[in-house]
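Engineer: Sending over a structure as structure tokens; questions will come in a sec.
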Amino acid sequence: MNHRHSRCWAALALAYASAAAHAQVQLERVEVVGLSPVAGVDVPRDWIPAAVQTARAAEIERSQALDLSSFMNRRLGSVHLNEVQGNPLQPDVNFRGYTASPLLGTQQGLSLYLDGVRLNQPFGDVVSWDLIPKAAIASVSLNPGSNPLFGLNTLGGALAVQTKDGLSHPGSSLQVLAGSHRRAAVEFEHGGSRAADGTHWFVTGQQFHERGWRADSPSRVSQLFAKLGQRSGDTDLSLTAAAARTSLNGNGLQEQRFLDGDRASVYTKPDNTGNRSALLTLALSQSLSAQWTLSGNAYARHIRTLTTNGDLNDDALDQSLYQPSAAERAALAAAGYSGFPTAGESAANTPFPKWRCIAQALLRDEPAEKCNGVIHQTATTQSNQGFSVQLGHDGRLFGLKSQSLVGAAADFSRSRFTQGSELGTLNADRSITGVGAFGDGVSGGDVDGAPYDTRVDLSGRTRTLSVFASSVLAFSPGAHLTLSGRYNHSKVSNRDAITPGGGAGSLDGDHRFSRLNPALGLTFTPVAGVNAWVGISQGSRDPSSIELGCADPANPCKLPNAFAGDPPLRQVVTTTVEAGVRGAAGAPLAWSLGLFRSDNRDDLLFVADDAAGFGYFKNFGKTRRQGVELGLSGQPAKGFTAGMNFTLLDATYRTAEVVNGASNSSNDAAQAGLRGVDGNIQIQPGDRIPLLPRRMLKLYADLDLGDAWSLGADAIGLGGALARGNENGQHQADGVYYLGPGRSAGYAVVNVNAAWKPANWMKGFKLFAQVSNLFDRAYATAAQLGPTGFNDAGNFQSRPFAANANGDRPLRHATFFAPGAPRAVSLGLKYEY
């Protein structure tokens, strides 16, 4: 972020703080937060030794955010998005330097719950944000730290989502929306109840489509959510069903050279992810007495994911010319092919036509890298079931007033992952056309029994059993001690259908993990109107099937395209210490100031093995995320609400490590004078973790002008961050072998919205509009170093340089960016009745 932007944000923040300090006193509202994912034990937020952030349906709707991840990015502190996939519904959501991503192989560190059901998928712990129905959300709470009550993968935090029902959200509505880039959506909602027998119901659905602002990046989303329940006396029973079908095209990162000419351009295409999901949940809450409450849920979930990804064939970068031999010419001529290249043709002036790929299909003994394109296809099927049960107590414990819970959970899953590749040719529009010579891709077709790429057919089964307990003890009205812990025992079994039996290269393996994670926290009132907290907690994450299936340095893989053998990996364990102060509940100005430090031990790191991006997972000694968080919100005047969140984040490696740095100008080969070829870089303790900015600032304001008009605005300001591949922070562009800065620049984006509710005969209607990226800033949310296969004119070029002293032919390397969306306008109409 440049100094001009910094001064602007600082001035706005000071102006807001001054106004909020003179806010009028408002009625006290004690906000309660659930202690665990299972509903039933809620405590005031001021009793929790952490800076929990919450939001309700009305706030989400008013922001006009596209989905839950977009709302979090705009309004919640310490949250930012990396749009590595290039689709607005496939972001990496980062909180305090920990990630919840839909991309296999990403280091996952956040857990997500919907009505107490964990939504991190069994295969890779990924989170598909496109499967969460925004219209069904009643409230969200972002719980920071390594809270063990939220189970596995809660390293940096847990997001708990509660959905609507007919009692809390009665009535009906229909909404339509249209906007830039051919965005169109229709959404309905209906809820109600019957007092005679306590039956209540709620249903919502959405159909969304857009062309996308980048080339060939359409998205389609269909979602349906329904809940049927009955509340009778002390019993509340509900059955929830949710289904979704999505097709998302995200064409990923693009080189800076081509973004400068056309920000909508793509490197290669297609890149499509299709999801189909179904979720069924049965929840029960039963009051046993004035002090005891029994609650729990049982669930079943099924997800089917298909991906198609067109890339440059990394092996083709090693070829400057394909010249068939006499035997090849004879075989091709017999098959009816002609048009062989002449001696003067090269990769720089002649594209790789389709027949060259077919030649490889006909001639098994030739390498397949003569084709400059490849299409990777994957299919993942996952089913998981489980239950949680929790007994809550509101009374006295050890002679002190307390709120306590004890519970157990069991989760079971099955998954199957298949992958295959099909050779193809690169077209002028950067698309890849497959030749069909290697089968159907997913089934891993072959040529005379010899597959082009390492095929994968991996099945995984997991079983996790847990017991947990917590108690909040009140020593006085202003002092509360929290004790909690969770014991998890997991078994992960992988079975390889291609190389079964556990031999060389087999993915077979049985792994067990168990751990007790504790937490201790204290909240107290040092002075009137001020609440303080201090706490320490531990969380852990088991290696998933995908990480256990790609952990052998001797057999590196390219995720999510292929796996190799599986030496054992250890659990990731995170210890978080945090402390802070905040305004007591009911104050006119809500504020908080906190410090945190989270240390990961045995962090899982994907270590690149060569220039083609192959690598393996390994346990990395230690990483650290620490920082300062400041939050302000209030009502400086009637009808005017404003807020600010500011974060300083220091995310660093704490252990030395050698990793591949083929595209980093500081690698050991380049330092020896061999630029543009494969080499390693050294990570030193204190080096920054890529993609994580040091500074985050968010401002927002909402203004009601009577009953008819409402206006809103929010601004996001982020500092720059290192690119992946520049873990040592020493990359420097030379304009010849290495292009681009090796980092993304800071940026600031402003969004505005407005709504109008007409009166009289149009009562019940609401017209609304939004402008995203008001000033049409050109920015990037992430960056990565990598080899490039194109020259300045955009034509395919394998290796543009002559061989060096070692006989190696250097590649050109570049900085790739995830471009942020340009200015967009949307208009909508909603009718409530």
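If you're wondering about the labels, chains in the structure tokens are A, B, ... by order shown, residues count from 1 in each chain, ligands from 1 in order shown.
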Just the residues within 10 Å of region 97-106 of chain A, please, counting only C-alpha atoms, with nothing from its chain fewer than 6 positions along; format it as a PDB file with N, CA and C atoms, in the first residue's frame.
Structural biologist:
```
ATOM      1  N   SER A  78      -8.889  -9.304  10.130  1.00  0.00           N
ATOM      2  CA  SER A  78      -7.842 -10.309   9.914  1.00  0.00           C
ATOM      3  C   SER A  78      -8.189 -11.331   8.840  1.00  0.00           C
ATOM      4  N   VAL A  79      -9.212 -11.055   8.032  1.00  0.00           N
ATOM      5  CA  VAL A  79      -9.598 -11.940   6.932  1.00  0.00           C
ATOM      6  C   VAL A  79      -9.209 -11.289   5.606  1.00  0.00           C
ATOM      7  N   HIS A  80      -8.641 -12.061   4.712  1.00  0.00           N
ATOM      8  CA  HIS A  80      -8.435 -11.588   3.343  1.00  0.00           C
ATOM      9  C   HIS A  80      -8.496 -12.771   2.396  1.00  0.00           C
ATOM     10  N   LEU A  81      -8.718 -12.482   1.112  1.00  0.00           N
ATOM     11  CA  LEU A  81      -8.881 -13.511   0.097  1.00  0.00           C
ATOM     12  C   LEU A  81      -7.700 -13.531  -0.855  1.00  0.00           C
ATOM     13  N   ASN A  82      -7.287 -14.733  -1.257  1.00  0.00           N
ATOM     14  CA  ASN A  82      -6.399 -14.941  -2.402  1.00  0.00           C
ATOM     15  C   ASN A  82      -7.228 -15.627  -3.482  1.00  0.00           C
ATOM     16  N   GLU A  83      -7.417 -14.977  -4.613  1.00  0.00           N
ATOM     17  CA  GLU A  83      -8.242 -15.553  -5.679  1.00  0.00           C
ATOM     18  C   GLU A  83      -7.344 -16.296  -6.669  1.00  0.00           C
ATOM     19  N   VAL A  84      -6.636 -17.298  -6.162  1.00  0.00           N
ATOM     20  CA  VAL A  84      -5.678 -18.043  -6.969  1.00  0.00           C
ATOM     21  C   VAL A  84      -6.376 -18.776  -8.113  1.00  0.00           C
ATOM     22  N   GLN A  85      -7.582 -19.292  -7.860  1.00  0.00           N
ATOM     23  CA  GLN A  85      -8.294 -20.032  -8.889  1.00  0.00           C
ATOM     24  C   GLN A  85      -8.874 -19.133  -9.976  1.00  0.00           C
ATOM     25  N   LEU A  89     -16.137 -17.482  -6.662  1.00  0.00           N
ATOM     26  CA  LEU A  89     -16.715 -18.445  -5.725  1.00  0.00           C
ATOM     27  C   LEU A  89     -15.721 -19.533  -5.328  1.00  0.00           C
ATOM     28  N   GLN A  90     -14.447 -19.362  -5.713  1.00  0.00           N
ATOM     29  CA  GLN A  90     -13.413 -20.339  -5.352  1.00  0.00           C
ATOM     30  C   GLN A  90     -12.222 -19.666  -4.677  1.00  0.00           C
ATOM     31  N   PRO A  91     -12.428 -18.786  -3.702  1.00  0.00           N
ATOM     32  CA  PRO A  91     -11.277 -18.104  -3.109  1.00  0.00           C
ATOM     33  C   PRO A  91     -10.594 -18.958  -2.042  1.00  0.00           C
ATOM     34  N   LEU A 112     -14.737 -25.277   9.388  1.00  0.00           N
ATOM     35  CA  LEU A 112     -16.011 -24.646   9.044  1.00  0.00           C
ATOM     36  C   LEU A 112     -17.144 -25.578   9.437  1.00  0.00           C
ATOM     37  N   ASN A 120     -15.457 -29.159   6.273  1.00  0.00           N
ATOM     38  CA  ASN A 120     -14.169 -29.504   5.658  1.00  0.00           C
ATOM     39  C   ASN A 120     -14.286 -30.915   5.091  1.00  0.00           C
ATOM     40  N   GLN A 121     -13.985 -31.070   3.819  1.00  0.00           N
ATOM     41  CA  GLN A 121     -14.210 -32.353   3.162  1.00  0.00           C
ATOM     42  C   GLN A 121     -13.141 -33.360   3.557  1.00  0.00           C
ATOM     43  N   PHE A 123     -11.384 -35.576   1.970  1.00  0.00           N
ATOM     44  CA  PHE A 123     -10.227 -35.744   1.102  1.00  0.00           C
ATOM     45  C   PHE A 123      -9.521 -34.404   0.929  1.00  0.00           C
ATOM     46  N   GLY A 124      -8.564 -34.120   1.783  1.00  0.00           N
ATOM     47  CA  GLY A 124      -7.786 -32.898   1.669  1.00  0.00           C
ATOM     48  C   GLY A 124      -8.215 -31.772   2.576  1.00  0.00           C
ATOM     49  N   ASP A 125      -9.300 -31.959   3.379  1.00  0.00           N
ATOM     50  CA  ASP A 125      -9.790 -30.925   4.302  1.00  0.00           C
ATOM     51  C   ASP A 125     -10.188 -29.643   3.580  1.00  0.00           C
ATOM     52  N   VAL A 126     -10.485 -29.715   2.272  1.00  0.00           N
ATOM     53  CA  VAL A 126     -10.814 -28.524   1.516  1.00  0.00           C
ATOM     54  C   VAL A 126     -12.201 -28.009   1.889  1.00  0.00           C
ATOM     55  N   VAL A 127     -12.452 -26.736   1.560  1.00  0.00           N
ATOM     56  CA  VAL A 127     -13.750 -26.100   1.792  1.00  0.00           C
ATOM     57  C   VAL A 127     -14.248 -25.550   0.471  1.00  0.00           C
ATOM     58  N   SER A 128     -15.418 -25.990   0.030  1.00  0.00           N
ATOM     59  CA  SER A 128     -16.037 -25.502  -1.201  1.00  0.00           C
ATOM     60  C   SER A 128     -17.037 -24.411  -0.835  1.00  0.00           C
ATOM     61  N   TRP A 129     -16.634 -23.164  -0.997  1.00  0.00           N
ATOM     62  CA  TRP A 129     -17.486 -22.039  -0.610  1.00  0.00           C
ATOM     63  C   TRP A 129     -18.730 -21.939  -1.474  1.00  0.00           C
ATOM     64  N   ASP A 130     -18.686 -22.492  -2.686  1.00  0.00           N
ATOM     65  CA  ASP A 130     -19.838 -22.429  -3.576  1.00  0.00           C
ATOM     66  C   ASP A 130     -20.989 -23.317  -3.124  1.00  0.00           C
ATOM     67  N   ASN A 153      -8.364 -29.616  12.520  1.00  0.00           N
ATOM     68  CA  ASN A 153      -8.125 -28.557  11.547  1.00  0.00           C
ATOM     69  C   ASN A 153      -8.380 -27.159  12.093  1.00  0.00           C
ATOM     70  N   THR A 154      -8.688 -27.038  13.381  1.00  0.00           N
ATOM     71  CA  THR A 154      -8.859 -25.722  13.980  1.00  0.00           C
ATOM     72  C   THR A 154      -7.495 -25.253  14.469  1.00  0.00           C
ATOM     73  N   LEU A 155      -6.672 -24.815  13.522  1.00  0.00           N
ATOM     74  CA  LEU A 155      -5.333 -24.339  13.855  1.00  0.00           C
ATOM     75  C   LEU A 155      -5.352 -22.836  14.084  1.00  0.00           C
ATOM     76  N   GLY A 156      -5.956 -22.101  13.151  1.00  0.00           N
ATOM     77  CA  GLY A 156      -6.010 -20.652  13.277  1.00  0.00           C
ATOM     78  C   GLY A 156      -7.367 -20.116  13.660  1.00  0.00           C
ATOM     79  N   GLY A 157      -8.415 -20.938  13.525  1.00  0.00           N
ATOM     80  CA  GLY A 157      -9.741 -20.466  13.872  1.00  0.00           C
ATOM     81  C   GLY A 157     -10.812 -21.399  13.348  1.00  0.00           C
ATOM     82  N   ALA A 158     -12.061 -21.111  13.745  1.00  0.00           N
ATOM     83  CA  ALA A 158     -13.215 -21.899  13.324  1.00  0.00           C
ATOM     84  C   ALA A 158     -14.355 -20.952  12.984  1.00  0.00           C
ATOM     85  N   SER A 544      -4.174 -35.648   5.696  1.00  0.00           N
ATOM     86  CA  SER A 544      -5.301 -36.214   4.955  1.00  0.00           C
ATOM     87  C   SER A 544      -4.804 -37.260   3.969  1.00  0.00           C
ATOM     88  N   ILE A 546      -4.801 -37.190   0.799  1.00  0.00           N
ATOM     89  CA  ILE A 546      -4.029 -36.616  -0.307  1.00  0.00           C
ATOM     90  C   ILE A 546      -2.590 -36.334   0.110  1.00  0.00           C
ATOM     91  N   GLU A 547      -2.391 -35.934   1.364  1.00  0.00           N
ATOM     92  CA  GLU A 547      -1.029 -35.651   1.833  1.00  0.00           C
ATOM     93  C   GLU A 547      -0.277 -36.939   2.127  1.00  0.00           C
ATOM     94  N   CYS A 550       1.085 -38.460  -1.034  1.00  0.00           N
ATOM     95  CA  CYS A 550       2.120 -37.715  -1.770  1.00  0.00           C
ATOM     96  C   CYS A 550       3.167 -37.252  -0.766  1.00  0.00           C
ATOM     97  N   LYS A 558       2.639 -34.332  -8.739  1.00  0.00           N
ATOM     98  CA  LYS A 558       2.188 -32.991  -9.095  1.00  0.00           C
ATOM     99  C   LYS A 558       0.705 -32.897  -8.762  1.00  0.00           C
ATOM    100  N   LEU A 559       0.395 -32.246  -7.661  1.00  0.00           N
ATOM    101  CA  LEU A 559      -0.986 -32.182  -7.190  1.00  0.00           C
ATOM    102  C   LEU A 559      -1.743 -31.103  -7.940  1.00  0.00           C
ATOM    103  N   PRO A 560      -3.071 -31.331  -8.184  1.00  0.00           N
ATOM    104  CA  PRO A 560      -3.779 -32.541  -7.794  1.00  0.00           C
ATOM    105  C   PRO A 560      -3.736 -33.613  -8.872  1.00  0.00           C
ATOM    106  N   ASN A 561      -2.675 -33.641  -9.661  1.00  0.00           N
ATOM    107  CA  ASN A 561      -2.676 -34.506 -10.829  1.00  0.00           C
ATOM    108  C   ASN A 561      -2.191 -35.931 -10.570  1.00  0.00           C
ATOM    109  N   SER A 598       0.547 -17.669  17.188  1.00  0.00           N
ATOM    110  CA  SER A 598       0.249 -19.079  16.919  1.00  0.00           C
ATOM    111  C   SER A 598       1.486 -19.736  16.337  1.00  0.00           C
ATOM    112  N   LEU A 604       2.738 -28.967   7.669  1.00  0.00           N
ATOM    113  CA  LEU A 604       2.824 -29.712   6.416  1.00  0.00           C
ATOM    114  C   LEU A 604       3.117 -28.748   5.279  1.00  0.00           C
ATOM    115  N   LEU A 605       4.199 -28.994   4.580  1.00  0.00           N
ATOM    116  CA  LEU A 605       4.658 -28.117   3.511  1.00  0.00           C
ATOM    117  C   LEU A 605       4.798 -28.931   2.238  1.00  0.00           C
ATOM    118  N   PHE A 606       4.249 -28.409   1.124  1.00  0.00           N
ATOM    119  CA  PHE A 606       4.452 -29.050  -0.168  1.00  0.00           C
ATOM    120  C   PHE A 606       5.774 -28.547  -0.731  1.00  0.00           C
ATOM    121  N   TYR A 616       6.475 -33.071  -3.049  1.00  0.00           N
ATOM    122  CA  TYR A 616       5.920 -33.998  -2.067  1.00  0.00           C
ATOM    123  C   TYR A 616       5.652 -33.226  -0.780  1.00  0.00           C
ATOM    124  N   PHE A 617       4.768 -33.797   0.055  1.00  0.00           N
ATOM    125  CA  PHE A 617       4.493 -33.210   1.350  1.00  0.00           C
ATOM    126  C   PHE A 617       5.506 -33.711   2.372  1.00  0.00           C
ATOM    127  N   ARG A 624       5.269 -19.596  12.312  1.00  0.00           N
ATOM    128  CA  ARG A 624       4.645 -18.726  13.325  1.00  0.00           C
ATOM    129  C   ARG A 624       3.792 -17.657  12.634  1.00  0.00           C
ATOM    130  N   ARG A 625       2.607 -17.411  13.207  1.00  0.00           N
ATOM    131  CA  ARG A 625       1.778 -16.265  12.841  1.00  0.00           C
ATOM    132  C   ARG A 625       1.510 -15.484  14.114  1.00  0.00           C
ATOM    133  N   GLN A 626       1.851 -14.215  14.103  1.00  0.00           N
ATOM    134  CA  GLN A 626       1.616 -13.380  15.266  1.00  0.00           C
ATOM    135  C   GLN A 626       1.194 -11.998  14.789  1.00  0.00           C
ATOM    136  N   GLY A 627       0.483 -11.276  15.675  1.00  0.00           N
ATOM    137  CA  GLY A 627       0.050  -9.974  15.218  1.00  0.00           C
ATOM    138  C   GLY A 627      -0.738  -9.191  16.241  1.00  0.00           C
ATOM    139  N   LEU A 649       0.104  -8.277  10.756  1.00  0.00           N
ATOM    140  CA  LEU A 649       0.352  -9.712  10.756  1.00  0.00           C
ATOM    141  C   LEU A 649       1.806  -9.981  10.409  1.00  0.00           C
ATOM    142  N   ASP A 650       2.453 -10.796  11.237  1.00  0.00           N
ATOM    143  CA  ASP A 650       3.826 -11.222  10.999  1.00  0.00           C
ATOM    144  C   ASP A 650       3.801 -12.740  10.884  1.00  0.00           C
ATOM    145  N   ALA A 651       3.897 -13.259   9.651  1.00  0.00           N
ATOM    146  CA  ALA A 651       3.848 -14.700   9.392  1.00  0.00           C
ATOM    147  C   ALA A 651       5.195 -15.143   8.852  1.00  0.00           C
ATOM    148  N   THR A 652       5.888 -16.002   9.587  1.00  0.00           N
ATOM    149  CA  THR A 652       7.266 -16.345   9.243  1.00  0.00           C
ATOM    150  C   THR A 652       7.555 -17.823   9.429  1.00  0.00           C
ATOM    151  N   ILE A 689       6.240 -15.869   5.162  1.00  0.00           N
ATOM    152  CA  ILE A 689       5.440 -16.844   4.432  1.00  0.00           C
ATOM    153  C   ILE A 689       4.742 -16.128   3.276  1.00  0.00           C
ATOM    154  N   PRO A 690       4.812 -16.673   2.062  1.00  0.00           N
ATOM    155  CA  PRO A 690       4.209 -15.988   0.908  1.00  0.00           C
ATOM    156  C   PRO A 690       2.690 -15.833   1.033  1.00  0.00           C
ATOM    157  N   LEU A 691       2.171 -14.880   0.259  1.00  0.00           N
ATOM    158  CA  LEU A 691       0.740 -14.604   0.075  1.00  0.00           C
ATOM    159  C   LEU A 691       0.063 -13.973   1.282  1.00  0.00           C
ATOM    160  N   LEU A 692       0.820 -13.660   2.340  1.00  0.00           N
ATOM    161  CA  LEU A 692       0.226 -13.108   3.552  1.00  0.00           C
ATOM    162  C   LEU A 692       0.715 -11.678   3.764  1.00  0.00           C
ATOM    163  N   PRO A 693      -0.160 -10.683   3.593  1.00  0.00           N
ATOM    164  CA  PRO A 693       0.257  -9.281   3.758  1.00  0.00           C
ATOM    165  C   PRO A 693       0.504  -8.941   5.223  1.00  0.00           C
ATOM    166  N   ARG A 694       1.338  -7.965   5.444  1.00  0.00           N
ATOM    167  CA  ARG A 694       1.615  -7.519   6.806  1.00  0.00           C
ATOM    168  C   ARG A 694       0.490  -6.654   7.367  1.00  0.00           C
TER     169      ARG A 694
END
```
Engineer: Can you pull out the residues contacting region 237-247 of chain A? Cut-off 6 Å, using only C-alpha atoms, and skip same-chain residues under 4 positions away; I want them as JSON, numbers by chain.
Structural biologist: {"A": [131, 219, 220, 221, 222, 223, 224, 225, 226, 227, 228, 229, 230, 273, 274, 275, 276, 277, 278, 279, 280, 281, 282, 283, 284]}
Engineer: Pick out each residue of region 6-230 of chain A that DSSP on the backbone tags as strand (DSSP E); I need them as a ChimeraX atom specification.
Structural biologist: /A:32-34,42-44,53-56,79-82,92-95,98-100,110-114,117-118,137-144,157-163,171-179,183-194,199-210,219-230
